[in-house]
There are 2 protein chains.
Amino acid sequence: MLTSPSVHVTRDRYHLAWDPAIEPIATVESGAVVEFDLLDASCGQLDAGCGVPQLLQLDFDRVDQVGGPIAVHGAEPGDALQMDLLSFEPADWGWTAVIPGFGLLADEFPKPAYHVTPLRGRGPIEFMPGIRLPWAPFCGVIGVAPTSGPLSTIPPDVFGGNMDTRHLVAGSTLFLPVFQPGGRLSAGDGHATQGDGEVCGTAIETPMRATMRLTVRKDIKVSAPEFLAAPDPNAALRSGRRYATDGVGPDLLGAARDATRRMIDWLGREHGLAAPEAYMLCSVAVDLRISEIVDMPNYLVTAYCPLGIFD
Amino acid sequence: MLTSPSVHVTRDRYHLAWDPAIEPIATVESGAVVEFDLLDASCGQLDAGCGVPQLLQLDFDRVDQVGGPIAVHGAEPGDALQMDLLSFEPADWGWTAVIPGFGLLADEFPKPAYHVTPLRGRGPIEFMPGIRLPWAPFCGVIGVAPTSGPLSTIPPDVFGGNMDTRHLVAGSTLFLPVFQPGGRLSAGDGHATQGDGEVCGTAIETPMRATMRLTVRKDIKVSAPEFLAAPDPNAALRSGRRYATDGVGPDLLGAARDATRRMIDWLGREHGLAAPEAYMLCSVAVDLRISEIVDMPNYLVTAYCPLGIFD
């Protein structure tokens, strides 16, 4: 099989909505490898030299742009499009922010915060002094053209899009339903690392070089994203000793908020982090799991912080 | 420190509600080890020789009984009670069931099912032919006396109770808030193994011998369960290659239902499992994670099935 890219998508070839009216920028054969050169999720509005003033000037009509679309010969509605995720190469910096009005605890964190993290090599990422995060890059957004549009690129949907799923690292294989001839794949939103949930609304956001192989599958039917997840590249850390906080109640969203709030409290009292820093750390390193979803009327969501991230 | 138990709670010393009016059966010093000999969550109504007829005769007023309570000298409201979870020893059998009216997909699985699994040694558990599950025993229920009662033992709450949290394996340390003098700890609901979510409402339910050390902590304040999770004893399997299905939408519960439904579909088409068997397998082996909880208006819940469970 070919592993050198058939198509290179430059960083200026992006679009700002999911819309079947957007024409593909290229069409490839099934089995071709596509390389995306992607701006960060701010569409280049933010960089390593920015701070809160630039964050507050962010033009939201330009965020979560996606590179593409790339059509695949022979893909027809009802087929599945298979993406073998071959590599994700972040830039040498990333940003994380508390954006007013956005995030799981938006009402409790009205003030903006902006944090830059250097990304060097493939080793642990020094997020803050004494806190090293696992290297686990992926694209937050991978999607195909929907049945109709235009639709915002912010929410994910059955066609994929902004799934922000940290397990979609290199070595994983994603299957998306095809709704339009050619499928029309786009990608964006590079993340150097993230926790399950992405609770503050941002990961370590970074420009990304992403390569993936696109294959039309007529033998598979999916109605929403499904994937074969690669082994977690940091399983020993992420499944090692963890501190865990519970949220419990009749509403899963409320339970997730409680669990996150308690984790922020613990990071403050145990590790001395100010609340906005703890909230951002939760977004990039803490995993939300549904512990039980059957013991009516109360569900239980647990937030897990790997202890191996602390020096 | 002592590791031999100070108190042994026999299987007939149980109660059927959380209620501060229930007197402790014993009082121990802080640091003491308590050993619980626990009936399964059916309170001994079901066993390895039962089937659907016995399941249908289940008296629900007698389920999820808990052994105890054990008071700890010096524990006062506002303190935390620390439980060092020392060991969990299941019986040599367990049951899993689809109970009509109970479970995440109760409306779609109205028919009862009852499945018995042999549990021998500490190795992988042969759940069905060709399907081996990780050995990861724990107690679904660990809780303290609440502020007022009586309360059902089915839902978990800020005092712990039916948390059904699979990460509370031996080696973990649980912290619960104390609401009554002595704390008054009870435990039950032995599980040989389970997935995050326990979606059909039952794990591999088994009688359990559980030992834990109880320590009063006046230096820690918790308002709901928090815990130090031991390293996952099966990290390589559970974080290895997994098949994953997404549920996406504005309601987390609906998204979790969709993700589970899609996993059941996949287990059927890929592994030939009938839907009730696949639903039970999801409950004992598939993990529900919240992938993103910020990309409004759509949340994304992902169900992960470890591929290493299949021969």
# chains A, B, ... in the order shown; residues from 1 in each chain; ligands from 1

call {"tool": "interface_residues", "arguments": {"of": "chain A", "to": "chain B", "cutoff": "6 Å", "atoms": "only C-alpha atoms", "output": "mmCIF file with N, CA, C and O atoms, in the first residue's frame"}}
result
data_model
loop_
_atom_site.group_PDB
_atom_site.id
_atom_site.type_symbol
_atom_site.label_atom_id
_atom_site.label_comp_id
_atom_site.auth_asym_id
_atom_site.auth_seq_id
_atom_site.Cartn_x
_atom_site.Cartn_y
_atom_site.Cartn_z
ATOM 1 N N GLY A 103 -17.694 26.107 27.690
ATOM 2 C CA GLY A 103 -17.132 25.116 28.608
ATOM 3 C C GLY A 103 -18.176 24.608 29.592
ATOM 4 O O GLY A 103 -19.225 25.211 29.804
ATOM 5 N N LEU A 104 -17.847 23.464 30.216
ATOM 6 C CA LEU A 104 -18.787 22.769 31.097
ATOM 7 C C LEU A 104 -19.157 23.611 32.313
ATOM 8 O O LEU A 104 -20.285 23.522 32.814
ATOM 9 N N ILE A 154 -19.005 23.569 15.161
ATOM 10 C CA ILE A 154 -18.778 23.371 16.604
ATOM 11 C C ILE A 154 -19.352 22.032 17.098
ATOM 12 O O ILE A 154 -18.625 21.230 17.678
ATOM 13 N N PRO A 155 -20.639 21.756 16.955
ATOM 14 C CA PRO A 155 -21.140 20.479 17.481
ATOM 15 C C PRO A 155 -20.776 19.296 16.584
ATOM 16 O O PRO A 155 -20.822 19.410 15.357
ATOM 17 N N ASP A 164 -13.829 15.516 19.248
ATOM 18 C CA ASP A 164 -12.917 15.743 20.388
ATOM 19 C C ASP A 164 -12.702 14.469 21.192
ATOM 20 O O ASP A 164 -12.768 14.469 22.423
ATOM 21 N N THR A 165 -12.416 13.398 20.494
ATOM 22 C CA THR A 165 -12.264 12.078 21.110
ATOM 23 C C THR A 165 -10.790 11.730 21.176
ATOM 24 O O THR A 165 -10.161 11.445 20.150
ATOM 25 N N ASP A 196 -10.690 12.878 28.525
ATOM 26 C CA ASP A 196 -12.060 12.563 28.087
ATOM 27 C C ASP A 196 -12.998 13.627 28.644
ATOM 28 O O ASP A 196 -13.098 13.798 29.859
ATOM 29 N N GLY A 197 -13.690 14.319 27.765
ATOM 30 C CA GLY A 197 -14.626 15.354 28.175
ATOM 31 C C GLY A 197 -14.241 16.742 27.700
ATOM 32 O O GLY A 197 -15.092 17.544 27.389
ATOM 33 N N GLU A 198 -12.941 17.027 27.670
ATOM 34 C CA GLU A 198 -12.440 18.361 27.275
ATOM 35 C C GLU A 198 -13.232 19.459 27.980
ATOM 36 O O GLU A 198 -13.789 20.362 27.358
ATOM 37 N N GLY A 201 -13.382 23.210 27.362
ATOM 38 C CA GLY A 201 -13.716 23.537 25.977
ATOM 39 C C GLY A 201 -12.519 23.618 25.053
ATOM 40 O O GLY A 201 -12.676 23.693 23.842
ATOM 41 N N PRO A 225 -20.364 7.721 13.967
ATOM 42 C CA PRO A 225 -18.956 7.320 14.046
ATOM 43 C C PRO A 225 -18.749 6.055 14.867
ATOM 44 O O PRO A 225 -19.333 5.877 15.940
ATOM 45 N N GLU A 226 -17.922 5.170 14.345
ATOM 46 C CA GLU A 226 -17.443 3.997 15.067
ATOM 47 C C GLU A 226 -15.952 3.916 14.771
ATOM 48 O O GLU A 226 -15.497 4.404 13.732
ATOM 49 N N PHE A 227 -15.185 3.335 15.663
ATOM 50 C CA PHE A 227 -13.754 3.250 15.391
ATOM 51 C C PHE A 227 -13.091 2.112 16.128
ATOM 52 O O PHE A 227 -13.573 1.625 17.146
ATOM 53 N N LEU A 228 -11.979 1.706 15.524
ATOM 54 C CA LEU A 228 -11.078 0.750 16.138
ATOM 55 C C LEU A 228 -9.999 1.593 16.794
ATOM 56 O O LEU A 228 -9.207 2.243 16.112
ATOM 57 N N ALA A 229 -10.005 1.627 18.134
ATOM 58 C CA ALA A 229 -9.053 2.473 18.850
ATOM 59 C C ALA A 229 -7.722 1.752 18.986
ATOM 60 O O ALA A 229 -7.676 0.579 19.360
ATOM 61 N N ALA A 230 -6.639 2.454 18.694
ATOM 62 C CA ALA A 230 -5.296 1.915 18.934
ATOM 63 C C ALA A 230 -5.078 1.774 20.432
ATOM 64 O O ALA A 230 -5.755 2.431 21.225
ATOM 65 N N PRO A 231 -4.143 0.908 20.844
ATOM 66 C CA PRO A 231 -3.803 0.881 22.272
ATOM 67 C C PRO A 231 -3.435 2.279 22.747
ATOM 68 O O PRO A 231 -2.747 3.026 22.043
ATOM 69 N N ASP A 232 -3.925 2.638 23.909
ATOM 70 C CA ASP A 232 -3.590 3.939 24.480
ATOM 71 C C ASP A 232 -2.072 4.041 24.600
ATOM 72 O O ASP A 232 -1.448 3.213 25.278
ATOM 73 N N ALA A 235 -1.013 4.081 28.379
ATOM 74 C CA ALA A 235 -1.917 3.294 29.226
ATOM 75 C C ALA A 235 -1.418 3.204 30.666
ATOM 76 O O ALA A 235 -2.203 3.310 31.606
ATOM 77 N N SER A 239 -3.996 4.669 33.230
ATOM 78 C CA SER A 239 -4.708 3.649 34.010
ATOM 79 C C SER A 239 -3.940 3.300 35.276
ATOM 80 O O SER A 239 -4.243 2.314 35.928
ATOM 81 N N GLY A 240 -2.920 4.087 35.595
ATOM 82 C CA GLY A 240 -2.158 3.867 36.821
ATOM 83 C C GLY A 240 -2.887 4.481 38.011
ATOM 84 O O GLY A 240 -4.110 4.591 38.015
ATOM 85 N N ARG A 241 -2.139 4.854 39.025
ATOM 86 C CA ARG A 241 -2.784 5.456 40.190
ATOM 87 C C ARG A 241 -3.390 6.792 39.795
ATOM 88 O O ARG A 241 -2.770 7.611 39.138
ATOM 89 N N ARG A 242 -4.652 6.966 40.192
ATOM 90 C CA ARG A 242 -5.403 8.170 39.839
ATOM 91 C C ARG A 242 -6.162 8.676 41.052
ATOM 92 O O ARG A 242 -6.612 7.870 41.865
ATOM 93 N N TYR A 243 -6.317 9.985 41.145
ATOM 94 C CA TYR A 243 -7.266 10.506 42.115
ATOM 95 C C TYR A 243 -8.585 10.693 41.384
ATOM 96 O O TYR A 243 -8.617 11.106 40.224
ATOM 97 N N ALA A 244 -9.676 10.362 42.085
ATOM 98 C CA ALA A 244 -10.985 10.336 41.429
ATOM 99 C C ALA A 244 -12.011 11.052 42.285
ATOM 100 O O ALA A 244 -12.018 10.928 43.512
ATOM 101 N N THR A 245 -12.865 11.817 41.633
ATOM 102 C CA THR A 245 -13.935 12.546 42.320
ATOM 103 C C THR A 245 -15.266 12.225 41.645
ATOM 104 O O THR A 245 -15.360 12.155 40.425
ATOM 105 N N ASP A 246 -16.290 12.046 42.474
ATOM 106 C CA ASP A 246 -17.593 11.635 41.955
ATOM 107 C C ASP A 246 -18.573 12.805 41.897
ATOM 108 O O ASP A 246 -18.572 13.687 42.747
ATOM 109 N N LEU A 288 -13.390 11.830 32.143
ATOM 110 C CA LEU A 288 -14.744 11.630 32.672
ATOM 111 C C LEU A 288 -15.276 10.277 32.221
ATOM 112 O O LEU A 288 -15.370 10.002 31.022
ATOM 113 N N ARG A 289 -15.626 9.451 33.194
ATOM 114 C CA ARG A 289 -16.237 8.155 32.890
ATOM 115 C C ARG A 289 -17.628 8.102 33.513
ATOM 116 O O ARG A 289 -17.850 8.679 34.578
ATOM 117 N N ILE A 290 -18.524 7.385 32.868
ATOM 118 C CA ILE A 290 -19.844 7.132 33.446
ATOM 119 C C ILE A 290 -19.715 5.852 34.269
ATOM 120 O O ILE A 290 -19.584 4.764 33.713
ATOM 121 N N SER A 291 -19.711 5.998 35.610
ATOM 122 C CA SER A 291 -19.482 4.819 36.455
ATOM 123 C C SER A 291 -20.700 3.918 36.475
ATOM 124 O O SER A 291 -20.579 2.699 36.386
ATOM 125 N N GLU A 292 -21.865 4.516 36.663
ATOM 126 C CA GLU A 292 -23.097 3.726 36.559
ATOM 127 C C GLU A 292 -24.192 4.612 35.996
ATOM 128 O O GLU A 292 -24.248 5.799 36.283
ATOM 129 N N ILE A 293 -25.066 4.001 35.204
ATOM 130 C CA ILE A 293 -26.106 4.747 34.495
ATOM 131 C C ILE A 293 -27.440 3.996 34.612
ATOM 132 O O ILE A 293 -28.312 4.098 33.766
ATOM 133 N N VAL A 294 -27.588 3.247 35.728
ATOM 134 C CA VAL A 294 -28.745 2.358 35.872
ATOM 135 C C VAL A 294 -29.395 2.388 37.250
ATOM 136 O O VAL A 294 -30.516 1.872 37.399
ATOM 137 N N ASP A 295 -28.730 2.961 38.264
ATOM 138 C CA ASP A 295 -29.250 2.870 39.625
ATOM 139 C C ASP A 295 -30.171 4.051 39.906
ATOM 140 O O ASP A 295 -29.851 4.984 40.647
ATOM 141 N N MET A 296 -31.324 3.980 39.310
ATOM 142 C CA MET A 296 -32.273 5.089 39.312
ATOM 143 C C MET A 296 -32.669 5.473 40.729
ATOM 144 O O MET A 296 -32.858 4.602 41.568
ATOM 145 N N ASN A 298 -30.380 7.974 40.501
ATOM 146 C CA ASN A 298 -29.093 8.686 40.527
ATOM 147 C C ASN A 298 -28.023 8.032 39.658
ATOM 148 O O ASN A 298 -27.687 6.868 39.845
#

call {"tool": "residues_around", "arguments": {"residues": "A:Pro20", "least_positions_apart": "6", "cutoff": "7 Å", "atoms": "only C-alpha atoms", "output": "list in words"}}
result
Ala145, Pro146, Thr147, Ser148 and Gly149 of chain A

call {"tool": "write_last_selection", "arguments": {"atoms": "all heavy atoms", "output": "PDB file, in the first residue's frame"}}
result
ATOM      1  N   ALA A 145     -19.262  15.344   4.590  1.00  0.00           N
ATOM      2  CA  ALA A 145     -20.364  16.248   4.243  1.00  0.00           C
ATOM      3  C   ALA A 145     -21.694  15.652   4.710  1.00  0.00           C
ATOM      4  O   ALA A 145     -21.957  14.464   4.500  1.00  0.00           O
ATOM      5  CB  ALA A 145     -20.381  16.484   2.733  1.00  0.00           C
ATOM      6  N   PRO A 146     -22.526  16.463   5.367  1.00  0.00           N
ATOM      7  CA  PRO A 146     -23.802  15.968   5.895  1.00  0.00           C
ATOM      8  C   PRO A 146     -24.881  15.924   4.813  1.00  0.00           C
ATOM      9  O   PRO A 146     -24.645  16.274   3.662  1.00  0.00           O
ATOM     10  CB  PRO A 146     -24.145  17.009   6.952  1.00  0.00           C
ATOM     11  CG  PRO A 146     -23.551  18.281   6.439  1.00  0.00           C
ATOM     12  CD  PRO A 146     -22.295  17.884   5.681  1.00  0.00           C
ATOM     13  N   THR A 147     -26.074  15.512   5.219  1.00  0.00           N
ATOM     14  CA  THR A 147     -27.178  15.439   4.260  1.00  0.00           C
ATOM     15  C   THR A 147     -27.596  16.819   3.778  1.00  0.00           C
ATOM     16  O   THR A 147     -27.985  16.983   2.633  1.00  0.00           O
ATOM     17  CB  THR A 147     -28.399  14.733   4.893  1.00  0.00           C
ATOM     18  OG1 THR A 147     -28.697  15.372   6.136  1.00  0.00           O
ATOM     19  CG2 THR A 147     -28.126  13.264   5.135  1.00  0.00           C
ATOM     20  N   SER A 148     -27.523  17.807   4.674  1.00  0.00           N
ATOM     21  CA  SER A 148     -27.877  19.162   4.268  1.00  0.00           C
ATOM     22  C   SER A 148     -27.075  20.143   5.107  1.00  0.00           C
ATOM     23  O   SER A 148     -26.493  19.793   6.137  1.00  0.00           O
ATOM     24  CB  SER A 148     -29.378  19.403   4.451  1.00  0.00           C
ATOM     25  OG  SER A 148     -29.717  19.291   5.813  1.00  0.00           O
ATOM     26  N   GLY A 149     -27.035  21.381   4.691  1.00  0.00           N
ATOM     27  CA  GLY A 149     -26.257  22.391   5.388  1.00  0.00           C
ATOM     28  C   GLY A 149     -26.698  23.775   4.947  1.00  0.00           C
ATOM     29  O   GLY A 149     -27.693  23.894   4.233  1.00  0.00           O
TER      30      GLY A 149
END

call {"tool": "residues_around", "arguments": {"residues": "B:Glu29", "least_positions_apart": "3", "cutoff": "12 Å", "atoms": "only C-alpha atoms", "output": "number ranges by chain"}}
result
B: 2, 5-7, 26, 32-34, 70-75, 182-183, 213-216

call {"tool": "closest_residue", "arguments": {"among": "B:Asp61, B:Glu270, B:Asp189, B:Glu205", "to": "A:Lys221", "atoms": "only C-alpha atoms"}}
result
B:Glu270

call {"tool": "select_by_dssp", "arguments": {"residues": "stretch 25-250 of chain B", "states": "strand (DSSP E)", "output": "JSON, numbers by chain"}}
result
{"B": [26, 27, 28, 32, 33, 34, 35, 36, 37, 38, 66, 67, 68, 69, 70, 71, 72, 80, 81, 82, 83, 84, 85, 86, 87, 88, 89, 90, 93, 94, 95, 96, 97, 98, 113, 114, 115, 116, 117, 118, 125, 126, 127, 128, 131, 132, 133, 138, 139, 140, 141, 142, 143, 144, 160, 161, 162, 173, 174, 175, 176, 177, 185, 186, 187, 188, 189, 190, 191, 208, 209, 210, 211, 212, 213, 214, 215, 216, 217, 226, 227, 228, 229, 242, 243, 244, 245, 246, 247, 248, 249]}

call {"tool": "residues_around", "arguments": {"residues": "A:Phe109", "least_positions_apart": "5", "cutoff": "8 Å", "atoms": "only C-alpha atoms", "output": "PyMOL selection string"}}
result
chain A and resi 98+100+276

call {"tool": "write_last_selection", "arguments": {"atoms": "all heavy atoms", "output": "PDB file, in the first residue's frame"}}
result
ATOM      1  N   VAL A  98      -9.540  29.383  28.901  1.00  0.00           N
ATOM      2  CA  VAL A  98     -10.906  29.501  29.418  1.00  0.00           C
ATOM      3  C   VAL A  98     -11.539  30.632  28.620  1.00  0.00           C
ATOM      4  O   VAL A  98     -11.100  31.790  28.712  1.00  0.00           O
ATOM      5  CB  VAL A  98     -10.914  29.825  30.922  1.00  0.00           C
ATOM      6  CG1 VAL A  98     -12.353  30.001  31.409  1.00  0.00           C
ATOM      7  CG2 VAL A  98     -10.201  28.738  31.722  1.00  0.00           C
ATOM      8  N   PRO A 100     -14.744  32.859  27.907  1.00  0.00           N
ATOM      9  CA  PRO A 100     -16.014  33.227  28.548  1.00  0.00           C
ATOM     10  C   PRO A 100     -17.229  32.743  27.748  1.00  0.00           C
ATOM     11  O   PRO A 100     -17.288  32.906  26.525  1.00  0.00           O
ATOM     12  CB  PRO A 100     -15.943  34.759  28.589  1.00  0.00           C
ATOM     13  CG  PRO A 100     -14.476  35.051  28.685  1.00  0.00           C
ATOM     14  CD  PRO A 100     -13.829  34.001  27.813  1.00  0.00           C
ATOM     15  N   PRO A 276      -8.765  28.527  37.828  1.00  0.00           N
ATOM     16  CA  PRO A 276      -8.727  28.499  36.347  1.00  0.00           C
ATOM     17  C   PRO A 276      -7.647  27.555  35.810  1.00  0.00           C
ATOM     18  O   PRO A 276      -7.864  26.869  34.805  1.00  0.00           O
ATOM     19  CB  PRO A 276      -8.415  29.959  35.989  1.00  0.00           C
ATOM     20  CG  PRO A 276      -8.853  30.755  37.177  1.00  0.00           C
ATOM     21  CD  PRO A 276      -8.572  29.884  38.382  1.00  0.00           C
TER      22      PRO A 276
END

call {"tool": "residues_around", "arguments": {"residues": "B:Asp40", "least_positions_apart": "4", "cutoff": "12 Å", "atoms": "only C-alpha atoms", "output": "NGL selection string"}}
result
:B and (11-12 or 14 or 36 or 44-48 or 62-67 or 90-96 or 139-141 or 187-192 or 202-209)

call {"tool": "atom_distance", "arguments": {"atom1": "atom CA of A:Ala274", "atom2": "atom CA of A:Arg261"}}
result
12.6 Å

call {"tool": "atom_distance", "arguments": {"atom1": "atom CA of A:Pro24", "atom2": "atom CA of A:Arg184"}}
result
6.3 Å

call {"tool": "closest_residue", "arguments": {"among": "A:Leu281, A:Ala255, A:Ile99, A:Leu185", "to": "A:Gln57", "atoms": "only C-alpha atoms"}}
result
A:Ile99

call {"tool": "atom_distance", "arguments": {"atom1": "atom CA of B:Gly130", "atom2": "atom CA of B:Leu39"}}
result
28.9 Å
